[in-house]
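Here is the structure we will look at.
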Amino acid sequence: TPTSKATTPQLLIFLPSFYPYIVLIITMVRSLICLLAALAPSTAAFSTSDNAAVSRRESFSKTASLFGGAAAVVAGLPAPSLAVVTDETPIVSTRMGGLLEKYQDSRGWKILAPSGWNKFDGEVGAYDIKWQDLVDPSENIKLSSTPVKSTTTSVDILGPVEDVGASLAAKRNAKLIAALERQTDGVLFYTFDFALDDGTHQWLQLCVNKGKIWSLDASCKEKKYAKRKELYYNVLGSFMPKLA
């Protein structure tokens, strides 16, 4: 018919104009297939089978290497101290221009403590040692320890860090801002950032060593947190429950 005769030449005319787009689409599909094939072996690091060669800690480290920087920023950690998460994180040694001073306890642990703060030794059932700001007593750092079974050698006995953080937040009527883990000098640390309902901002760090679970608590009023967060971060990062 006249209509079919007119349509066929039009298709022949316009088909070449679409040819470059067809080639481009085919090329993109091929590239995507190649990319997926290249990425496929990396999923072995997250395998749960008994034959997996990579440990849970190594898998976490690889994942955190990709997302750790963003997570740290969300948690409000001071930028100068940030680094790519690895299996071994160096102990914090900065004294912040004199704001921190070395403290080594005869019971076998060390820390960088705030310079000029009042220091209180031992209150049964509350803490082993406490540092408190001279002006505002709500700004304080407390260290406590509790005996555990000799077979308990790591804080991961409590469970995954996120689950532990959620449980602690519920008991404190607090918002869990961050739940982080790191390993320093062979000791695994769990660190939690809480915003409590009473207007207190609290950092809590847990670890296990020498048959004890160690709890390091750094608190201040929420309105003072921006001023104190870097100091608290460095204090927690400097604590080591052994001297060697």
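FYI, nothing fancy with the structure tokens labels: chains A, B, ... in order, residues from 1 per chain, ligands from 1 as they appear.
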Query raised in the report: Near Pro90 (chain A), within 10 Å and counting only C-alpha atoms, which residues show up once chain neighbours fewer than 5 positions away are dropped, as a PyMOL selection string?
Result: chain A and resi 83+182-185+237-238
Query raised in the report: Which one is closest to Leu188 (chain A): A:Glu230, A:Asp105, A:Glu139, A:Asp87? Count only C-alpha atoms.
Result: A:Asp87
Query - A:Pro160, A:Lys212, A:Thr153, A:Leu236 ranked by distance to Thr191 (chain A), top pick (using only C-alpha atoms) - result: A:Leu236
Report task. Output as a ChimeraX atom specification all residues of region 71-185 of chain A that backbone DSSP marks as strand (DSSP E or B). Result -> /A:100-105,109-114,118-123,127-132,140-147,174-184
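Proximity of A:Ala169, A:Leu216, A:Lys210, A:Leu158 to Phe239 (chain A), computed with only C-alpha atoms, is greatest for A:Leu216.
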**Report entry** Shell around Glu101 (chain A) at 6 Å using only C-alpha atoms, local window under 5 positions removed, as a list in words
**Finding:**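 Residues meeting the cut-off are Leu112, Ala113 and Ser115 of chain A.
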Write the residues of the preceding selection, restricted to N, CA, C and O atoms, as an mmCIF file, in the first residue's frame.
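Dumped everything to part18.cif:
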```cif
data_model
loop_
_atom_site.group_PDB
_atom_site.id
_atom_site.type_symbol
_atom_site.label_atom_id
_atom_site.label_comp_id
_atom_site.auth_asym_id
_atom_site.auth_seq_id
_atom_site.Cartn_x
_atom_site.Cartn_y
_atom_site.Cartn_z
ATOM 1 N N LEU A 112 47.003 9.384 79.386
ATOM 2 C CA LEU A 112 47.270 10.815 79.343
ATOM 3 C C LEU A 112 46.089 11.493 80.039
ATOM 4 O O LEU A 112 44.957 11.424 79.563
ATOM 5 N N ALA A 113 46.358 12.132 81.162
ATOM 6 C CA ALA A 113 45.300 12.740 81.970
ATOM 7 C C ALA A 113 45.307 14.255 81.807
ATOM 8 O O ALA A 113 46.345 14.852 81.506
ATOM 9 N N SER A 115 45.794 17.986 82.448
ATOM 10 C CA SER A 115 46.704 18.719 83.336
ATOM 11 C C SER A 115 45.913 19.673 84.227
ATOM 12 O O SER A 115 45.001 20.360 83.764
#
```
